[in-house]
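Engineer: My questions will all concern the structure given below.
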Amino acid sequence: MAGIDVEKPVLQVLSYKKLARTVNKDGVDTDRYRLLVSDGQKLNSFTMLATQLNNLITDSILTENAICRILNYHLSSVSNGGREKPVLLILGIEVLVPGSEVGHKIGDPTNLEVRSKAESTFASTGAIARYQINGSARKDTSSHFFSDIYSAWPTPIAALSPYQNRWVVKVRVTSKSPIKTWSNSRGEGKLFSMGLIDESGEIRCVAFRDMCDKFYDRIQPRQVYCITQCTLKMANKQFNTLKNDYEMVITRDTVIIPCYENNDDIPTLQFNFCPISQVENKEQNEFIDVLGVVTTFSDVQRVVQRSTGREFIKRDVNIVDDSGTMVSVALWEKQAKDFDGSNNPVLAIKGARVGEFNGGKNLSLIHSSVLEKNPDLPEAHRLREWYTTVGHSENARSLSRAGGSGDLNVPLYTLQEATEARLGEKMNISDAFMVVATNKIIRVENAIYKACPIESCKKKLIDQSTGVFRCEKCNKEYPNFSYRLLASMNIVDATGNRWVTAFGEEAEKILGISAQHLGELKESDNDAYLHKFGEATFKRFTFNLRAKSEVFQDEMRIQYVCVSVTPLNYKTYLAHLIDKVSKLLHIEKFESN
């Protein structure tokens with residue numbers, strides 16, 4: 001307790017006491033245990049057990065009179081009667097002799113009362129912390145002094161708790177989220193969060209409003225910082241995927257100083273990978289780490305949240321691992337925009353949220369999730385070797401289903417196979433499938449129209465021939481409009497043809513031109529306008545279609561809508577064809593025998 005390092009001391013636990021339980025707003029609580037320990041000569045009641053070791057108490061492994069070896073500990077401090085009192089925080093412990101076998105207190109220990117070296121150090125560092133003004137040191141020399149003092153006494157992340165008054169952590173930033181804004185009945189604001197790690201564990205740190213502006217540009221991922229004077233609170237597990245009961249909140253008193261020396265002991269991002277085959281056994285909204293190779297990925301999509309009407313940018317990515325299982329991962333906003341899945345990169349994802357749809361499982365990234373492409377990890381190198389040698393030609397089992405994050409994971413049929421599967425024949429139920437087909441005809445008539453300029457509406461406007469356009473849905477008149485595409489086309493493969501409707505961005509991809517540009521051509525150069533439709537014919541695509549029954553003029557028919565369209569990936573399509581041929585050959589050999 002005098003601040004001298006002792007390697008693996010052996011102590012006797014005489015008793016323990018459960019402290020007042022801390023409960024957060026979601027009803028999640030955490031017990032804290034205070035221990036009375038002895039070395040046979042002195043007693044120390046200022047000893048705490050790290051919360052991750054609580055099971056030793058609850059499972060009756062660590063009992064009264066047990067003799068234990070302390071594997072890892074840290075000196076912290078609390079305020080006791082206005083004085084900073086050193087506290088021994090146990091981070092790792094091994095029971096050598098159970099208390100039931102010892103049965104009594106060893107020796108005649110007395111209370112330990114000494115002003116320790118640690119206590120003096122805590123007092124001096126507390127004075128330094130108070131010297132800081134508005135989160136920064138008055139002079140550069142103070143910053144260096146602060147860093148030197150605190151780097152000698154860093155508090156492990158695993159040792160942090162709201163019961164401590166003075167602490168500093170020396171941590172590496174593993175992730176930094178984009179700035180997120182919000183607006184509700186209580187006001188508006190913004191925040192960003194970052195993941196921090198040291199050799200003992202990890203924790204989330206959040207900055208709100210002014211602190212968001214102050215610190216966002218200062219923080220760089222993968223760099224090491226000394227951080228102190230943050231508020232510690234119970235972690236909100238709705239937004240926090242890190243394994244810690246607490247999270248840090250930056251305040252006006254917070255000090256964050258870069259550390260450039262002695263950083264070899266601070267680990268980088270740590271993963272606990274879950275095989276993709278086990279994702280189907282995970283609960284919805286559970287957070288996991290996964291490693292997989294990108295097989296296919298969609299174009300960027302714009303989706304609207306039903307509850308709020310807000311529009312988000314999304315991209316679906318299929319990944320597979322050596323368990324032969326595939327799952328769809330949803331990327332959002334900037335990650336979705338910036339993502340490039342060409343050349344089948346290996347993705348390491350930390351903190352992906354498990355989702356469910358149509359009886360399948362999918363994954364989705366949130367603000368605190370971390371995505372690393374082609375990480376320098378042994379597991380990633382092994383997975384790359386597997387995919388290059390055998391994985392790319394295997395037909396993986398997909399856990400995801402159409403309609404959720406796994407829109408890409410629908411069966412690939414020919415048009416005849418879709419008919420034989422009776423897709424779309426059930427009333428009020430749509431069936432999804434993919435087909436590789438050639439665009440044979442695109443109807444020019446009514447292919448483009450003047451739509452409501454309101455993004456959330458897009459309904460066809462009534463031209464009142466007065467320079468003003470009326471939207472019946474919005475019940476408003478507008479002096480302007482936006483062009484929208486509705487492409488009715490006939491697609492064909494070797495087994496048949498279907499009439500398919502493509503809207504908006506998907507129609508633009510097929511025609512290779514924006515609706516606005518095409519509309520302007522129609523007004524100014526009709527020959528060039530018609531030429532664009534001719535250029536788009538006899539091109540091959542992979543169409544993601546939805547088939548659904550409808551009644552038209554008292555007759556039942558199946559309507560086919562193009563959900564998405566992508567250029568044909570010959571590599572994956574060839575693997576699909578080889579798999580089909582292999583199955584046919586196997587059947588022929590079986591019958592011949």
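Here, A, B, ... name the chains of the structure tokens in the order displayed, residue numbers run from 1 inside each chain, and ligands are numbered from 1 in the same displayed order.
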Give me, as JSON lines, the closest atom pair and its distance (Å, one decimal) for every residue of range 303-364 of chain A within a cut-off of 8 Å of range 382-394 of chain A, counting only C-alpha atoms, rows sorted by chain and rising number.

Structural biologist:
```
{"residue": "A:Asp321", "atom": "CA", "partner": "A:Leu383", "partner_atom": "CA", "distance": 6.9}
{"residue": "A:Asp322", "atom": "CA", "partner": "A:Leu383", "partner_atom": "CA", "distance": 6.7}
{"residue": "A:Gly324", "atom": "CA", "partner": "A:Glu394", "partner_atom": "CA", "distance": 7.6}
{"residue": "A:Val346", "atom": "CA", "partner": "A:Arg384", "partner_atom": "CA", "distance": 6.9}
```

Engineer: As a list of chain:residue names, please: the residues near Arg315 in chain A (cut-off 7 Å, only C-alpha atoms, same-chain neighbours under 3 positions excluded).

Structural biologist: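 Contacts, in chain order: A:Ser298, A:Asp299, A:Val300, A:Gln301, A:Ala330, A:Leu331, A:Trp332, A:Ala336.
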
Engineer: Give me a file of those residues, with all heavy atoms, as a PDB file, in the first residue's frame.

Structural biologist:
```pdb
ATOM      1  N   SER A 298     -24.193  -4.801 -52.896  1.00  0.00           N
ATOM      2  CA  SER A 298     -25.173  -4.047 -53.673  1.00  0.00           C
ATOM      3  C   SER A 298     -24.675  -2.636 -53.942  1.00  0.00           C
ATOM      4  O   SER A 298     -23.703  -2.167 -53.342  1.00  0.00           O
ATOM      5  CB  SER A 298     -26.503  -3.989 -52.920  1.00  0.00           C
ATOM      6  OG  SER A 298     -26.401  -3.100 -51.818  1.00  0.00           O
ATOM      7  N   ASP A 299     -25.381  -1.950 -54.826  1.00  0.00           N
ATOM      8  CA  ASP A 299     -25.151  -0.528 -54.995  1.00  0.00           C
ATOM      9  C   ASP A 299     -25.726   0.203 -53.789  1.00  0.00           C
ATOM     10  O   ASP A 299     -26.493  -0.356 -52.993  1.00  0.00           O
ATOM     11  CB  ASP A 299     -25.823  -0.018 -56.271  1.00  0.00           C
ATOM     12  CG  ASP A 299     -25.126  -0.544 -57.519  1.00  0.00           C
ATOM     13  OD1 ASP A 299     -23.916  -0.794 -57.453  1.00  0.00           O
ATOM     14  OD2 ASP A 299     -25.808  -0.708 -58.548  1.00  0.00           O
ATOM     15  N   VAL A 300     -25.379   1.473 -53.661  1.00  0.00           N
ATOM     16  CA  VAL A 300     -25.932   2.291 -52.579  1.00  0.00           C
ATOM     17  C   VAL A 300     -27.436   2.446 -52.789  1.00  0.00           C
ATOM     18  O   VAL A 300     -27.904   2.704 -53.899  1.00  0.00           O
ATOM     19  CB  VAL A 300     -25.247   3.672 -52.549  1.00  0.00           C
ATOM     20  CG1 VAL A 300     -26.000   4.620 -51.638  1.00  0.00           C
ATOM     21  CG2 VAL A 300     -23.805   3.527 -52.086  1.00  0.00           C
ATOM     22  N   GLN A 301     -28.198   2.262 -51.712  1.00  0.00           N
ATOM     23  CA  GLN A 301     -29.647   2.408 -51.760  1.00  0.00           C
ATOM     24  C   GLN A 301     -30.077   3.531 -50.810  1.00  0.00           C
ATOM     25  O   GLN A 301     -29.385   3.827 -49.835  1.00  0.00           O
ATOM     26  CB  GLN A 301     -30.331   1.114 -51.314  1.00  0.00           C
ATOM     27  CG  GLN A 301     -29.806  -0.141 -51.969  1.00  0.00           C
ATOM     28  CD  GLN A 301     -30.203  -1.381 -51.204  1.00  0.00           C
ATOM     29  OE1 GLN A 301     -31.335  -1.512 -50.730  1.00  0.00           O
ATOM     30  NE2 GLN A 301     -29.271  -2.307 -51.058  1.00  0.00           N
ATOM     31  N   ALA A 330     -25.367  -4.977 -43.346  1.00  0.00           N
ATOM     32  CA  ALA A 330     -25.842  -3.671 -43.799  1.00  0.00           C
ATOM     33  C   ALA A 330     -24.875  -2.581 -43.349  1.00  0.00           C
ATOM     34  O   ALA A 330     -24.583  -2.460 -42.158  1.00  0.00           O
ATOM     35  CB  ALA A 330     -27.236  -3.393 -43.252  1.00  0.00           C
ATOM     36  N   LEU A 331     -24.368  -1.816 -44.301  1.00  0.00           N
ATOM     37  CA  LEU A 331     -23.551  -0.635 -44.013  1.00  0.00           C
ATOM     38  C   LEU A 331     -24.410   0.600 -44.197  1.00  0.00           C
ATOM     39  O   LEU A 331     -25.323   0.617 -45.032  1.00  0.00           O
ATOM     40  CB  LEU A 331     -22.339  -0.565 -44.943  1.00  0.00           C
ATOM     41  CG  LEU A 331     -21.465  -1.813 -45.078  1.00  0.00           C
ATOM     42  CD1 LEU A 331     -20.280  -1.523 -45.981  1.00  0.00           C
ATOM     43  CD2 LEU A 331     -20.997  -2.289 -43.714  1.00  0.00           C
ATOM     44  N   TRP A 332     -24.108   1.669 -43.443  1.00  0.00           N
ATOM     45  CA  TRP A 332     -24.965   2.847 -43.448  1.00  0.00           C
ATOM     46  C   TRP A 332     -24.152   4.123 -43.668  1.00  0.00           C
ATOM     47  O   TRP A 332     -22.994   4.214 -43.297  1.00  0.00           O
ATOM     48  CB  TRP A 332     -25.733   2.964 -42.124  1.00  0.00           C
ATOM     49  CG  TRP A 332     -26.583   1.781 -41.835  1.00  0.00           C
ATOM     50  CD1 TRP A 332     -26.232   0.667 -41.134  1.00  0.00           C
ATOM     51  CD2 TRP A 332     -27.920   1.542 -42.289  1.00  0.00           C
ATOM     52  NE1 TRP A 332     -27.263  -0.231 -41.103  1.00  0.00           N
ATOM     53  CE2 TRP A 332     -28.321   0.279 -41.798  1.00  0.00           C
ATOM     54  CE3 TRP A 332     -28.821   2.294 -43.050  1.00  0.00           C
ATOM     55  CZ2 TRP A 332     -29.574  -0.249 -42.049  1.00  0.00           C
ATOM     56  CZ3 TRP A 332     -30.082   1.764 -43.299  1.00  0.00           C
ATOM     57  CH2 TRP A 332     -30.446   0.510 -42.803  1.00  0.00           C
ATOM     58  N   ALA A 336     -21.349   3.219 -46.074  1.00  0.00           N
ATOM     59  CA  ALA A 336     -21.995   2.676 -47.273  1.00  0.00           C
ATOM     60  C   ALA A 336     -21.500   3.394 -48.534  1.00  0.00           C
ATOM     61  O   ALA A 336     -21.226   2.757 -49.562  1.00  0.00           O
ATOM     62  CB  ALA A 336     -23.510   2.810 -47.148  1.00  0.00           C
TER      63      ALA A 336
END
```

Engineer: Expressed in Å to a single decimal, how great is the separation between CA of Asn55 in chain A and CA of Val168 in chain A?

Structural biologist: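 Atom-to-atom, CA of Asn55 in chain A and CA of Val168 in chain A are spaced 27.0 Å apart.
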
Engineer: Need the shell around Gln464 in chain A: protein/DNA/RNA residues with any atom at most 12 Å away, counting only C-alpha atoms. Skip same-chain ones fewer than 6 positions apart. Format as number ranges by chain?

Structural biologist: A: 470-471, 477-479

Engineer: Check the smallest atom-to-atom distance from each of A:Val436, A:Leu91, A:Val354, A:Ala447 to Asp493 in chain A using only C-alpha atoms, then report the winner.

Structural biologist: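 Nearest to Asp493 in chain A: A:Val436.
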
Engineer: Mind checking which residues fall within 6 Å of range 359-376 of chain A, counting only C-alpha atoms, ignoring those fewer than 2 positions away in the same chain, and posting them as a PyMOL selection string?

Structural biologist: chain A and resi 177+280+327-331+345-357+399-401+405

Engineer: What lies within 8 Å of range 234-249 of chain A using only C-alpha atoms, ignoring chain neighbours under 6 positions off, as a VMD selection string?

Structural biologist: chain A and resid 23 to 24 26 30 158 161 195 201 to 207 287 351 366 to 369

Engineer: Give me the residues within 10 Å of range 35-46 of chain A as number ranges by chain, counting only C-alpha atoms and dropping any in the same chain fewer than 5 places off.

Structural biologist: A: 1, 9-18, 64-68, 76-78, 85-90, 105-113

Engineer: So that I can check the surroundings of range 412-429 of chain A, please list as number ranges by chain every protein, DNA and RNA residue that reaches within 8 Å of it, counting only C-alpha atoms and ignoring chain neighbours fewer than 3 positions away.

Structural biologist: A: 432-436, 493-498, 546-550, 558-559

Engineer: Between A:Ser200, A:Ser100, A:Gln220, A:Asn569, which residue has the minimum interatomic distance to Thr174 in chain A, considering only C-alpha atoms?

Structural biologist: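 With only C-alpha atoms as the atom set, the closest residue is A:Gln220.
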
Engineer: Using the chain letters and numbers from this document, which residues of range 218-453 of chain A does DSSP assign to strand (DSSP E), as JSON, numbers by chain?

Structural biologist: {"A": [224, 225, 226, 227, 228, 231, 232, 233, 234, 246, 247, 248, 249, 255, 256, 257, 258, 287, 288, 289, 290, 291, 292, 293, 294, 295, 296, 297, 301, 302, 303, 304, 311, 312, 313, 314, 315, 316, 317, 318, 319, 320, 325, 326, 327, 328, 329, 330, 331, 332, 346, 347, 348, 349, 350, 351, 352, 353, 354, 355, 356, 357, 360, 361, 362, 363, 364, 370, 371, 372, 373, 397, 398, 431, 432, 433, 434, 435, 436, 437, 438, 439, 440, 441, 442, 448, 449, 450, 451]}

Engineer: Quick one: pick out all helix (DSSP H, G or I) residues within range 400-576 of chain A from a backbone DSSP run and write them as a CSV table (one decimal) with C-alpha atoms, in the first residue's frame.

Structural biologist:
```
chain,number,residue,atom,x,y,z
A,415,LEU,CA,-37.3,-17.4,-65.8
A,416,GLN,CA,-38.7,-20.9,-66.3
A,417,GLU,CA,-37.6,-22.1,-62.9
A,418,ALA,CA,-39.4,-19.0,-61.3
A,419,THR,CA,-42.6,-20.1,-63.1
A,420,GLU,CA,-42.2,-23.7,-61.9
A,504,GLY,CA,-36.2,5.7,-60.4
A,505,GLU,CA,-32.5,4.9,-59.8
A,506,GLU,CA,-32.8,1.3,-61.1
A,507,ALA,CA,-34.2,2.5,-64.4
A,508,GLU,CA,-31.4,5.1,-64.6
A,509,LYS,CA,-28.8,2.3,-64.2
A,510,ILE,CA,-30.5,0.3,-67.0
A,511,LEU,CA,-30.7,3.3,-69.4
A,515,ALA,CA,-33.9,11.0,-65.4
A,516,GLN,CA,-33.2,14.8,-65.4
A,517,HIS,CA,-30.8,14.5,-68.4
A,518,LEU,CA,-33.1,12.2,-70.3
A,519,GLY,CA,-36.0,14.6,-69.7
A,520,GLU,CA,-34.0,17.5,-71.0
A,521,LEU,CA,-33.1,15.5,-74.1
A,522,LYS,CA,-36.8,14.7,-74.7
A,523,GLU,CA,-37.5,18.5,-74.7
A,524,SER,CA,-34.6,19.5,-76.9
A,526,ASN,CA,-36.0,13.8,-79.6
A,527,ASP,CA,-33.7,11.7,-81.8
A,528,ALA,CA,-31.0,11.7,-79.1
A,529,TYR,CA,-33.7,10.8,-76.6
A,530,LEU,CA,-34.8,7.8,-78.6
A,531,HIS,CA,-31.2,6.8,-79.2
A,532,LYS,CA,-30.7,6.3,-75.5
A,533,PHE,CA,-33.4,3.6,-75.4
A,534,GLY,CA,-31.8,1.9,-78.3
A,535,GLU,CA,-28.4,1.9,-76.5
A,536,ALA,CA,-29.9,0.2,-73.5
A,570,TYR,CA,-19.2,-13.4,-64.4
A,571,LYS,CA,-17.0,-14.9,-61.6
A,572,THR,CA,-19.9,-15.6,-59.2
A,573,TYR,CA,-22.3,-16.5,-62.1
A,574,LEU,CA,-19.8,-19.0,-63.5
A,575,ALA,CA,-19.4,-20.6,-60.0
A,576,HIS,CA,-23.3,-20.9,-59.9
```

Engineer: Please compute the CA of Val565 in chain A-CA of Leu545 in chain A distance, one decimal, in Å.

Structural biologist: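 CA of Leu545 in chain A lies at a distance of 8.8 Å from CA of Val565 in chain A.
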
Engineer: Could you jot down the CA of Phe273 in chain A to CA of Val169 in chain A separation for me, Å, one decimal place?

Structural biologist: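 Spanning CA of Phe273 in chain A to CA of Val169 in chain A is a straight-line distance of 26.6 Å.
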
Engineer: Would you please work out which residue, of A:Leu75, A:Pro178, A:Thr251, A:Cys230, is nearest to Asp217 in chain A when using only C-alpha atoms?

Structural biologist: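 Between A:Leu75, A:Pro178, A:Thr251, A:Cys230, the residue approaching Asp217 in chain A most closely is A:Pro178.
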